[in-house]
Amino acid sequence: MSAPVPSARASRPEFRNIHALRDLPSYRLPLAGIVSILHRISGALMFLLMPFIIWMFDTSISSEISFARFTRVFNLGAGPLPGWFIKLLALALIWAFLHHLSAGLRHLWMDMRHAVSKEFGKASAAWTLVLSIGLTLLLGAKLFGLY
């Protein structure tokens with residue numbers, strides 16, 4: 001009996017852990033990935049600013065006196081926070097809501113239509129960003145009194 005001849009095996013890929021500080025900054029995330037990450041960030045932002053949302057809602061509808069206090073805080077500030085900073089917080093909430101809504105509708109559309117092609121993902125991600133940023137700029141201009 002002859003000894004078995006070792007066969008030439010194809011080289012297998014070698015997987016190693018990535019070095020996060022070196023490798024991640026050079027990684028090019030597709031547009032759909034950026035929208036997905038921003039969807040998570042906007043949800044977290046709305047969750048973290050929930051006390052501010054509740055305060056704004058409660059103060060704006062309780063009475064005429066509380067509404068006057070509400071507008072005074074937005075114009076002059078509250079405590080150490082100036083009014084423009086309060087408006088920036090409100091603008092961040094506006095962006096978070098608009099982005100989370102448009103990205104959520106994008107995901108629902110993809111789930112209902114089974115539209116998961118690369119082209120549709122890129123186009124819908126672009127439209128999501130254009131819609132959320134455009135509406136945020138429009139409402140931000142109103143918030144800061146530009147019209």
# chains A, B, ... in the order shown; residues from 1 in each chain; ligands from 1
>>> residues_around(residues="Phe97 in chain A", least_positions_apart="2", cutoff="9 Å", atoms="only C-alpha atoms", output="JSON list (two decimals) with C-alpha atoms, in the first residue's frame")
[["chain", "number", "residue", "atom", "x", "y", "z"],
["A", 42, "SER", "CA", -32.29, 60.50, 15.82],
["A", 43, "GLY", "CA", -34.26, 57.94, 17.84],
["A", 46, "MET", "CA", -35.64, 62.05, 20.79],
["A", 92, "ALA", "CA", -32.20, 69.26, 16.93],
["A", 93, "LEU", "CA", -35.53, 67.77, 17.95],
["A", 94, "ILE", "CA", -37.12, 68.93, 14.71],
["A", 95, "TRP", "CA", -34.35, 67.27, 12.70],
["A", 99, "HIS", "CA", -35.27, 62.22, 9.90],
["A", 100, "HIS", "CA", -36.67, 59.42, 12.04],
["A", 101, "LEU", "CA", -40.06, 59.74, 10.33],
["A", 102, "SER", "CA", -38.71, 59.82, 6.78],
["A", 132, "SER", "CA", -35.23, 65.64, 6.35]]
>>> residues_around(residues="range 59-74 of chain A", least_positions_apart="6", cutoff="9 Å", atoms="only C-alpha atoms", output="list in words")
Pro82, Gly83, Trp84, Phe85, Ile86 and Lys87 of chain A
>>> closest_residue(among="A:Ile37, A:Leu143, A:Leu91, A:Leu105", to="Trp127 in chain A", atoms="only C-alpha atoms")
A:Leu105
>>> select_by_dssp(residues="chain A", states="strand (DSSP E or B)", output="number ranges by chain")
A: 77-78, 81-82
>>> select_by_dssp(residues="range 20-116 of chain A", states="alpha helix (DSSP H)", output="ChimeraX atom specification")
/A:20-23,31-48,50-61,64-76,83-113
>>> atom_distance(atom1="CA of Glu119 in chain A", atom2="CA of Leu24 in chain A")
24.5 Å
>>> atom_distance(atom1="CA of Met56 in chain A", atom2="CA of Arg40 in chain A")
23.2 Å
>>> residues_around(residues="Ala126 in chain A", least_positions_apart="6", cutoff="12 Å", atoms="only C-alpha atoms", output="JSON list (two decimals) with C-alpha atoms, in the first residue's frame")
[["chain", "number", "residue", "atom", "x", "y", "z"],
["A", 30, "PRO", "CA", -22.58, 53.67, 1.74],
["A", 31, "LEU", "CA", -25.31, 56.32, 1.82],
["A", 32, "ALA", "CA", -27.90, 53.79, 3.03],
["A", 33, "GLY", "CA", -25.60, 52.94, 5.95],
["A", 34, "ILE", "CA", -25.25, 56.60, 6.88],
["A", 35, "VAL", "CA", -29.05, 57.01, 6.85],
["A", 36, "SER", "CA", -29.40, 53.89, 9.00],
["A", 99, "HIS", "CA", -35.27, 62.22, 9.90],
["A", 102, "SER", "CA", -38.71, 59.82, 6.78],
["A", 103, "ALA", "CA", -36.21, 56.99, 7.39],
["A", 106, "ARG", "CA", -38.39, 54.47, 3.80],
["A", 119, "GLU", "CA", -29.96, 51.29, -6.62],
["A", 120, "PHE", "CA", -33.22, 51.77, -4.74],
["A", 132, "SER", "CA", -35.23, 65.64, 6.35],
["A", 133, "ILE", "CA", -32.51, 68.28, 5.97],
["A", 134, "GLY", "CA", -34.61, 70.46, 3.65]]
>>> closest_residue(among="A:Leu89, A:Ile18, A:Val116, A:Leu81", to="Phe52 in chain A", atoms="only C-alpha atoms")
A:Leu89
